[in-house]
2 protein chains.
Amino acid sequence: MSERDCLRIVPLGGVGEIGKNMMTIEYGEEMLLIDAGLMFPKNDMLGIDIVIPDISYVVERQEQLRAIILTHGHEDHIGALPYVLSDVNAPVYGTRLTLGLAEVKLREHHLLDQVELHTIKPRDVLPLGPFSVEFFHVCHSIPDTVGLAITTPVGLVVHSGDFKFDPHPVDGQLTDYAKLQELGNRGVLLLLSDSTNTEAPGSTPSEREIGETFEEVFGEAQGRVIVATFASNISRVQQVIIAARRHGRRVGFVGSSMVKNSRMASRLGYLDIDPQELLTSEQMNGLPDERVAIVCTGSQGEPTSALVRMARGEHRQINLRRGDTVILSADPIPGNEELINRTIDNLFRAGADVHYHLLSHVHVSGHGSQEDQKLMLNLTQPRYFVPIHGEYRHLVLHSRLARESGIPEENIFVLESGQSLEVDSSGCFLGKRVAASRVLVDGLGVGDVGRVVLRDRHHLSRDGFLVAIVALDMDTGEILVGPEILSRGFVYMRDSEELMELAREQVWQALEQVGPRSAVSAKIKDALGEFCYQQTGRRPVILPVVMEI
Amino acid sequence: MSERDCLRIVPLGGVGEIGKNMMTIEYGEEMLLIDAGLMFPKNDMLGIDIVIPDISYVVERQEQLRAIILTHGHEDHIGALPYVLSDVNAPVYGTRLTLGLAEVKLREHHLLDQVELHTIKPRDVLPLGPFSVEFFHVCHSIPDTVGLAITTPVGLVVHSGDFKFDPHPVDGQLTDYAKLQELGNRGVLLLLSDSTNTEAPGSTPSEREIGETFEEVFGEAQGRVIVATFASNISRVQQVIIAARRHGRRVGFVGSSMVKNSRMASRLGYLDIDPQELLTSEQMNGLPDERVAIVCTGSQGEPTSALVRMARGEHRQINLRRGDTVILSADPIPGNEELINRTIDNLFRAGADVHYHLLSHVHVSGHGSQEDQKLMLNLTQPRYFVPIHGEYRHLVLHSRLARESGIPEENIFVLESGQSLEVDSSGCFLGKRVAASRVLVDGLGVGDVGRVVLRDRHHLSRDGFLVAIVALDMDTGEILVGPEILSRGFVYMRDSEELMELAREQVWQALEQVGPRSAVSAKIKDALGEFCYQQTGRRPVILPVVMEI
């Protein structure tokens, strides 16, 4: 099939893994890029700050790139934008709040001046070369989220964005059922739909149910009420403000991303708070407890977050005290459970009463559950289906729902990132695989840390290292200085003088053995390795240095 | 209060943290030690193999130690026994299965010959100095678990062990309701009760409910059925055997601890399996799929376990194939979620159908939920209450249940490990704190890895290290060799020649600056640290070595 007469979809992230959502849609020589997300590192990606998609596929075709379209303002959909826009140039389209959040990032990366940002609204229709992109509102855990209906020469493609069907959303904006049904009537060729929450049976409850929990907790609390949640969850923050208002409390924001986001959301009109209701940090400690509510970061137990510092008694502004009530208004993201549990323990130790997901109804997901996913399938009635936004098991489970909804198995495609899909009038086919691995960002380095460095970090994290240095006379082989031994992370050096002395002896013995001078380093390494293992049961990284003078 | 006329309880573990359960009970100059458990390391205890309690308090009083009493055979109750018995000597009491498991450990540590093991049965009464210890059966996720009723000169102390009230246990042995009620009638001074599962409302369901899930899955499965669970969960293994039997399948055990435990449990009569029903590894691959069931380790996604190797296609014996059904019959232990999810994804990728806790009823806890805990409180009606076996939040929540059950707040004591409690006829009081920290075991080292080594490992795991070596002429200060730079875990060295050349220049410059020779190392360290951060945004461990020849 030539590239000219078919539609090609290439997921570069967000398919087979959570996060760093990104996908191209191409027809002929025109390409759209949907979302540019980052992923937070897994626990075994030691020292890595963030993970972004490999965009070499896009860079190679950058003259074809017509637009970058953002579905909403979460990190896993916009966090890689500065990295993408450092390599390619294209106008960026998104809703007002989404672009507001993107702007903050682009400014930090000194890219704001060179980027064209275009604000769109739900129901806008955007002609982009062979494509016509129509935006429709969907409910999610951040306002101003959209899905996309993309009319292409081969048919209509629907991209759900991250969505749920909230029957009673806090901002009053329902997911656009009418548009979805209309699209279904028009005839959808291909549906790409959010799989994140497909392990949950039933429907995701309304965000407003959390308001009832807040109402109850605020009603009973004698002291301050402190709510930790995601800084981007504007609806949740709004519900805290509403509960505080009803119970005669003013609200303070703590944690830099919380302060920044709430300020921005309030300025753009997405957060309804009167400046009179706001608390300074002095007031958070100084006003009578029953007049204070605090919204802060740290619901995932992030070690440097506001809540964790409070729990450890190390926060500059807020000292927890007996009588404070804390709500962790979030579910644990898998991998964070240990940090969250430790934080809850510390909050109880500090005397607070703690409400968290195992005890109270403190969180609802921003993603649709199985029934929501089925509704999306049934409204749009696509011919072909590709589950997106999920780890591999989510894609498999979402596919099962699609089969139950009547889509034939051969019309469902479980892709992994990099696996392209081609659609034309004759059908839908797997295309070639393109490079779509993970790019690790560590400090200023983008992509320079790979398997070797991570393996070394892993090894160092288990058993530390040991460096043995010896200077030899170039002519006689006589030892001029050393052996000196340096070590970190292996044993406690102050208590290990004897062990180090014995290690030095190993080096001497290795040097005394006859053999080619070139093999001395290897011999020292082997001797020390065996010695360390026999003495301690550990296998530190061993580096011998033989200098000839 | 003198030590002679009061009862003292000292938790050395298992109070305020999950695992490494251990507690002393003392009266006058006689001491019992209850349990000797280990804890598996938290994710931030880098390179640590296991964590055991600090037993210096016991060692200092070893001539008072009358007996070590084990409540059941789980690692968090017996895993530290070899370490304890290396330092102190005392007879060990436990049920037959518990001692069977303890023996395996003691043999591995070459301690079996020098230890006195005494088998007890439920309802046995054991006079031990001023104490009389009565054992009663409780249900848990391993057979032969007991609780303790300890008659002391000041009153009756009940230690629940790890328990639940299973209304229909697989082995037919109910928790001893009658004994608990009788104890309540006799009058319980102090109840020490298991808090592990206090976040769960209601009652813990019967282990037998899992049999229904197995029945259903085995009934539908076309290919092989592979069940992963804890090697110690003999009842679960029994249920797999029963389901396999009903569906004409034979059973293979895979994973060394699974093989070892099932063999031992079968030999001691705790596991009902006919040798004819057992499969060799050839048969697991060679028999028709519908005649094969496999029980294996790896339900927590442990990287070297059988299931994880199968999921990655790296197992020596078992190759997964499309049509296989896998049941992960366990809940995730907090901290293991990421590894478990990855394993599930890989199982789906290998073509298996996977049943796990979010989708099916594949596990019930071995610990009582809130209603079970209340029943324990209501049967025993203690005057004083101490929640044990739980992290801090569990202790707080269990205390709330005790208050709801009518125990006055001032009679409830939330302890942390090392906080002693004293009871006499006049009341119950907090006593002194004793050393009860965590002892980290790393390879052969017991307690030699502490804060400094862990901090270094953490630092190395994030950014690696860089060693700069230079040899100077002792008299002239002229550089004889170097600077040489070694590094691991910082940057990918093969691509970083230019960076290393620049780093060497930093060392030269530092050496050229005038200043006392003694300050050269510090200067090199500062210069390199700043250089690395400016170039890469990373802060490796930096070690300068200046040799004078």
# chains A, B, ... in the order shown; residues from 1 in each chain; ligands from 1
call {"tool": "interface_residues", "arguments": {"of": "chain B", "to": "chain A", "cutoff": "7 Å", "atoms": "only C-alpha atoms", "output": "NGL selection string"}}
result
:B and (46-47 or 199 or 334-335 or 337-338 or 344-345 or 348 or 358-359 or 392-393 or 443-445 or 448-449 or 453-454 or 456-458 or 460-464 or 480-481 or 488-492 or 536-538 or 549)
call {"tool": "write_last_selection", "arguments": {"atoms": "N, CA and C atoms", "output": "short mmCIF file (atom, residue, chain, number, x, y, z; two decimals), in the first residue's frame"}}
result
data_model
loop_
_atom_site.label_atom_id
_atom_site.label_comp_id
_atom_site.auth_asym_id
_atom_site.auth_seq_id
_atom_site.Cartn_x
_atom_site.Cartn_y
_atom_site.Cartn_z
N LEU B 46 18.20 0.01 50.20
CA LEU B 46 18.89 -0.48 49.00
C LEU B 46 19.89 -1.57 49.33
N GLY B 47 19.76 -2.70 48.64
CA GLY B 47 20.73 -3.78 48.78
C GLY B 47 20.54 -4.64 50.01
N GLU B 199 -7.99 -2.06 58.30
CA GLU B 199 -8.56 -1.12 57.33
C GLU B 199 -9.75 -1.72 56.60
N PRO B 334 1.72 -3.95 49.79
CA PRO B 334 2.05 -2.59 49.36
C PRO B 334 3.55 -2.44 49.06
N GLY B 335 3.86 -1.85 47.95
CA GLY B 335 5.24 -1.71 47.52
C GLY B 335 5.56 -2.62 46.35
N GLU B 337 3.28 -3.39 43.87
CA GLU B 337 2.30 -3.22 42.80
C GLU B 337 2.93 -3.10 41.42
N GLU B 338 4.03 -2.35 41.35
CA GLU B 338 4.62 -2.11 40.03
C GLU B 338 5.12 -3.41 39.42
N ILE B 344 1.70 -9.13 35.20
CA ILE B 344 0.39 -9.37 34.56
C ILE B 344 0.45 -8.96 33.08
N ASP B 345 1.04 -7.81 32.80
CA ASP B 345 1.17 -7.37 31.41
C ASP B 345 1.93 -8.41 30.59
N PHE B 348 -0.21 -11.49 29.88
CA PHE B 348 -1.15 -11.23 28.78
C PHE B 348 -0.40 -11.23 27.43
N LEU B 358 -7.95 -7.60 40.91
CA LEU B 358 -8.87 -6.55 40.49
C LEU B 358 -10.02 -7.11 39.65
N LEU B 359 -9.84 -8.30 39.13
CA LEU B 359 -10.86 -8.87 38.24
C LEU B 359 -11.67 -9.98 38.88
N TYR B 392 1.59 1.89 62.04
CA TYR B 392 1.05 2.81 63.04
C TYR B 392 -0.43 3.10 62.82
N ARG B 393 -0.82 3.31 61.54
CA ARG B 393 -2.23 3.63 61.27
C ARG B 393 -3.16 2.48 61.69
N GLY B 443 23.87 -9.59 52.90
CA GLY B 443 24.85 -10.66 52.70
C GLY B 443 25.18 -11.28 54.04
N LEU B 444 26.47 -11.33 54.36
CA LEU B 444 26.89 -11.91 55.63
C LEU B 444 26.86 -10.90 56.77
N GLY B 445 26.67 -9.64 56.44
CA GLY B 445 26.73 -8.59 57.46
C GLY B 445 25.40 -8.43 58.17
N ASP B 448 25.81 -4.20 60.04
CA ASP B 448 26.93 -3.31 59.70
C ASP B 448 26.55 -2.25 58.69
N VAL B 449 25.43 -2.43 58.01
CA VAL B 449 24.97 -1.39 57.08
C VAL B 449 23.99 -0.50 57.82
N VAL B 453 25.93 4.15 54.96
CA VAL B 453 26.06 3.29 53.76
C VAL B 453 24.80 3.40 52.90
N LEU B 454 23.63 3.42 53.54
CA LEU B 454 22.38 3.52 52.76
C LEU B 454 22.30 4.87 52.06
N ASP B 456 24.83 6.64 51.04
CA ASP B 456 25.74 6.57 49.89
C ASP B 456 25.13 5.76 48.75
N ARG B 457 24.51 4.63 49.08
CA ARG B 457 23.89 3.82 48.03
C ARG B 457 22.80 4.60 47.32
N HIS B 458 22.02 5.35 48.12
CA HIS B 458 20.96 6.15 47.51
C HIS B 458 21.56 7.18 46.55
N LEU B 460 24.51 7.09 45.07
CA LEU B 460 25.07 6.38 43.91
C LEU B 460 23.98 5.93 42.94
N SER B 461 22.82 5.53 43.49
CA SER B 461 21.75 5.03 42.63
C SER B 461 21.15 6.13 41.77
N ARG B 462 21.25 7.37 42.24
CA ARG B 462 20.68 8.49 41.49
C ARG B 462 21.62 8.99 40.41
N ASP B 463 22.89 9.16 40.77
CA ASP B 463 23.80 9.89 39.88
C ASP B 463 25.16 9.22 39.70
N GLY B 464 25.38 8.05 40.28
CA GLY B 464 26.66 7.37 40.09
C GLY B 464 27.82 8.07 40.78
N LEU B 480 52.81 13.81 37.66
CA LEU B 480 53.53 12.67 37.11
C LEU B 480 52.60 11.81 36.25
N VAL B 481 51.42 11.53 36.75
CA VAL B 481 50.43 10.76 35.99
C VAL B 481 49.05 11.36 36.24
N ARG B 488 31.15 5.51 36.95
CA ARG B 488 30.10 4.54 36.65
C ARG B 488 28.76 5.14 37.08
N GLY B 489 27.74 4.90 36.31
CA GLY B 489 26.39 5.32 36.70
C GLY B 489 26.13 6.81 36.57
N PHE B 490 27.09 7.52 36.00
CA PHE B 490 26.94 8.98 35.88
C PHE B 490 26.55 9.35 34.45
N VAL B 491 27.40 9.00 33.51
CA VAL B 491 27.09 9.19 32.09
C VAL B 491 27.55 7.92 31.36
N TYR B 492 27.13 7.76 30.12
CA TYR B 492 27.58 6.61 29.35
C TYR B 492 28.99 6.92 28.86
N THR B 536 25.62 18.56 33.22
CA THR B 536 24.66 17.46 33.11
C THR B 536 23.43 17.62 34.02
N GLY B 537 23.48 18.57 34.95
CA GLY B 537 22.39 18.67 35.92
C GLY B 537 22.39 17.54 36.93
N ARG B 538 23.50 16.79 37.02
CA ARG B 538 23.58 15.66 37.95
C ARG B 538 24.68 15.90 38.99
N ILE B 549 54.34 11.29 45.12
CA ILE B 549 55.37 10.27 44.92
C ILE B 549 56.76 10.89 45.01
#
call {"tool": "closest_residue", "arguments": {"among": "A:Asp289, A:Glu182, A:Glu422, A:Glu30", "to": "Gln222 in chain A", "atoms": "only C-alpha atoms"}}
result
A:Asp289
call {"tool": "residues_around", "arguments": {"residues": "Phe253 in chain B", "least_positions_apart": "6", "cutoff": "6 Å", "atoms": "only C-alpha atoms", "output": "PyMOL selection string"}}
result
chain B and resi 259+294-296
call {"tool": "residues_around", "arguments": {"residues": "range 67-75 of chain A", "least_positions_apart": "5", "cutoff": "8 Å", "atoms": "only C-alpha atoms", "output": "number ranges by chain"}}
result
A: 31-39, 80, 90-95, 97-99, 101-102, 128, 142, 144-148, 161-162, 232
call {"tool": "write_last_selection", "arguments": {"atoms": "N, CA, C and O atoms", "output": "short mmCIF file (atom, residue, chain, number, x, y, z; two decimals), in the first residue's frame"}}
result
data_model
loop_
_atom_site.label_atom_id
_atom_site.label_comp_id
_atom_site.auth_asym_id
_atom_site.auth_seq_id
_atom_site.Cartn_x
_atom_site.Cartn_y
_atom_site.Cartn_z
N MET A 31 0.73 15.24 8.36
CA MET A 31 0.74 14.56 9.65
C MET A 31 0.22 15.47 10.76
O MET A 31 0.58 16.65 10.82
N LEU A 32 -0.62 14.89 11.62
CA LEU A 32 -0.99 15.57 12.87
C LEU A 32 -0.35 14.81 14.03
O LEU A 32 -0.23 13.59 13.98
N LEU A 33 0.02 15.55 15.07
CA LEU A 33 0.53 14.90 16.28
C LEU A 33 -0.50 15.16 17.38
O LEU A 33 -0.85 16.32 17.64
N ILE A 34 -1.00 14.10 17.99
CA ILE A 34 -1.98 14.26 19.06
C ILE A 34 -1.29 14.02 20.40
O ILE A 34 -0.77 12.94 20.65
N ASP A 35 -1.27 15.04 21.22
CA ASP A 35 -0.69 15.02 22.57
C ASP A 35 0.84 14.84 22.55
O ASP A 35 1.42 14.36 21.58
N ALA A 36 1.45 15.28 23.63
CA ALA A 36 2.91 15.22 23.76
C ALA A 36 3.21 15.08 25.25
O ALA A 36 3.62 16.01 25.93
N GLY A 37 2.95 13.84 25.76
CA GLY A 37 2.98 13.64 27.21
C GLY A 37 4.29 13.07 27.72
O GLY A 37 5.08 12.50 26.97
N LEU A 38 4.48 13.20 29.01
CA LEU A 38 5.63 12.56 29.65
C LEU A 38 5.11 11.49 30.60
O LEU A 38 3.92 11.39 30.90
N MET A 39 6.01 10.66 31.04
CA MET A 39 5.70 9.62 32.01
C MET A 39 6.63 9.83 33.20
O MET A 39 7.79 10.20 33.01
N ALA A 80 5.76 16.55 27.53
CA ALA A 80 6.91 16.42 26.63
C ALA A 80 6.92 17.53 25.59
O ALA A 80 7.82 17.57 24.74
N ALA A 90 5.78 23.33 14.89
CA ALA A 90 4.43 23.21 14.35
C ALA A 90 3.50 24.00 15.25
O ALA A 90 3.78 24.16 16.45
N PRO A 91 2.41 24.53 14.71
CA PRO A 91 1.46 25.23 15.57
C PRO A 91 0.79 24.26 16.54
O PRO A 91 0.58 23.09 16.20
N VAL A 92 0.48 24.78 17.73
CA VAL A 92 -0.11 23.95 18.78
C VAL A 92 -1.55 24.38 19.02
O VAL A 92 -1.81 25.58 19.16
N TYR A 93 -2.47 23.42 19.07
CA TYR A 93 -3.89 23.71 19.29
C TYR A 93 -4.35 23.07 20.59
O TYR A 93 -4.04 21.91 20.86
N GLY A 94 -5.12 23.83 21.37
CA GLY A 94 -5.66 23.27 22.61
C GLY A 94 -6.68 24.23 23.19
O GLY A 94 -6.80 25.38 22.74
N THR A 95 -7.41 23.78 24.21
CA THR A 95 -8.36 24.67 24.86
C THR A 95 -7.61 25.68 25.73
O THR A 95 -6.40 25.58 25.91
N LEU A 97 -7.51 26.42 29.01
CA LEU A 97 -6.79 25.96 30.21
C LEU A 97 -5.59 25.10 29.81
O LEU A 97 -4.50 25.22 30.40
N THR A 98 -5.79 24.27 28.82
CA THR A 98 -4.69 23.41 28.36
C THR A 98 -3.51 24.25 27.90
O THR A 98 -2.36 24.00 28.28
N LEU A 99 -3.80 25.28 27.10
CA LEU A 99 -2.71 26.13 26.62
C LEU A 99 -2.12 26.96 27.75
O LEU A 99 -0.92 27.24 27.77
N LEU A 101 -1.65 25.94 30.76
CA LEU A 101 -0.68 25.06 31.42
C LEU A 101 0.53 24.81 30.52
O LEU A 101 1.66 24.73 30.99
N ALA A 102 0.29 24.69 29.22
CA ALA A 102 1.41 24.48 28.29
C ALA A 102 2.33 25.70 28.28
O ALA A 102 3.56 25.56 28.23
N LEU A 128 -7.33 21.13 8.56
CA LEU A 128 -5.86 21.00 8.59
C LEU A 128 -5.47 20.07 7.45
O LEU A 128 -5.44 18.85 7.61
N ILE A 142 -9.62 17.19 34.98
CA ILE A 142 -9.18 18.57 34.78
C ILE A 142 -10.20 19.19 33.82
O ILE A 142 -10.67 18.50 32.91
N ASP A 144 -11.86 21.52 30.79
CA ASP A 144 -11.45 21.91 29.44
C ASP A 144 -10.76 20.77 28.69
O ASP A 144 -9.84 21.00 27.90
N THR A 145 -11.21 19.54 28.97
CA THR A 145 -10.68 18.40 28.23
C THR A 145 -11.54 18.15 27.00
O THR A 145 -12.76 18.31 27.05
N VAL A 146 -10.90 17.76 25.91
CA VAL A 146 -11.66 17.47 24.69
C VAL A 146 -11.26 16.11 24.12
O VAL A 146 -10.18 15.60 24.36
N GLY A 147 -12.20 15.57 23.36
CA GLY A 147 -11.92 14.47 22.46
C GLY A 147 -11.92 15.03 21.04
O GLY A 147 -12.28 16.18 20.82
N LEU A 148 -11.52 14.20 20.08
CA LEU A 148 -11.36 14.67 18.70
C LEU A 148 -12.14 13.80 17.74
O LEU A 148 -12.11 12.57 17.84
N GLY A 161 -9.75 11.09 23.81
CA GLY A 161 -9.05 11.79 24.89
C GLY A 161 -9.14 10.95 26.16
O GLY A 161 -9.48 9.77 26.12
N ASP A 162 -8.82 11.54 27.30
CA ASP A 162 -9.10 10.91 28.60
C ASP A 162 -10.50 11.32 28.98
O ASP A 162 -10.80 12.51 29.05
N SER A 232 -3.46 19.57 39.58
CA SER A 232 -4.22 19.80 38.35
C SER A 232 -5.71 19.51 38.50
O SER A 232 -6.48 19.80 37.62
#
call {"tool": "closest_atom_pairs", "arguments": {"of": "range 124-183 of chain A", "to": "range 237-251 of chain A", "cutoff": "12 Å", "atoms": "only C-alpha atoms", "output": "Markdown table"}}
result
| residue | atom | partner | partner_atom | distance |
| --- | --- | --- | --- | --- |
| A:Ser141 | CA | A:Val237 | CA | 10.7 |
| A:Ile142 | CA | A:Val237 | CA | 10.4 |
| A:Pro143 | CA | A:Gln238 | CA | 11.1 |
| A:Pro169 | CA | A:Gln239 | CA | 11.1 |
| A:Val170 | CA | A:Gln239 | CA | 7.8 |
| A:Asp171 | CA | A:Gln238 | CA | 9.0 |
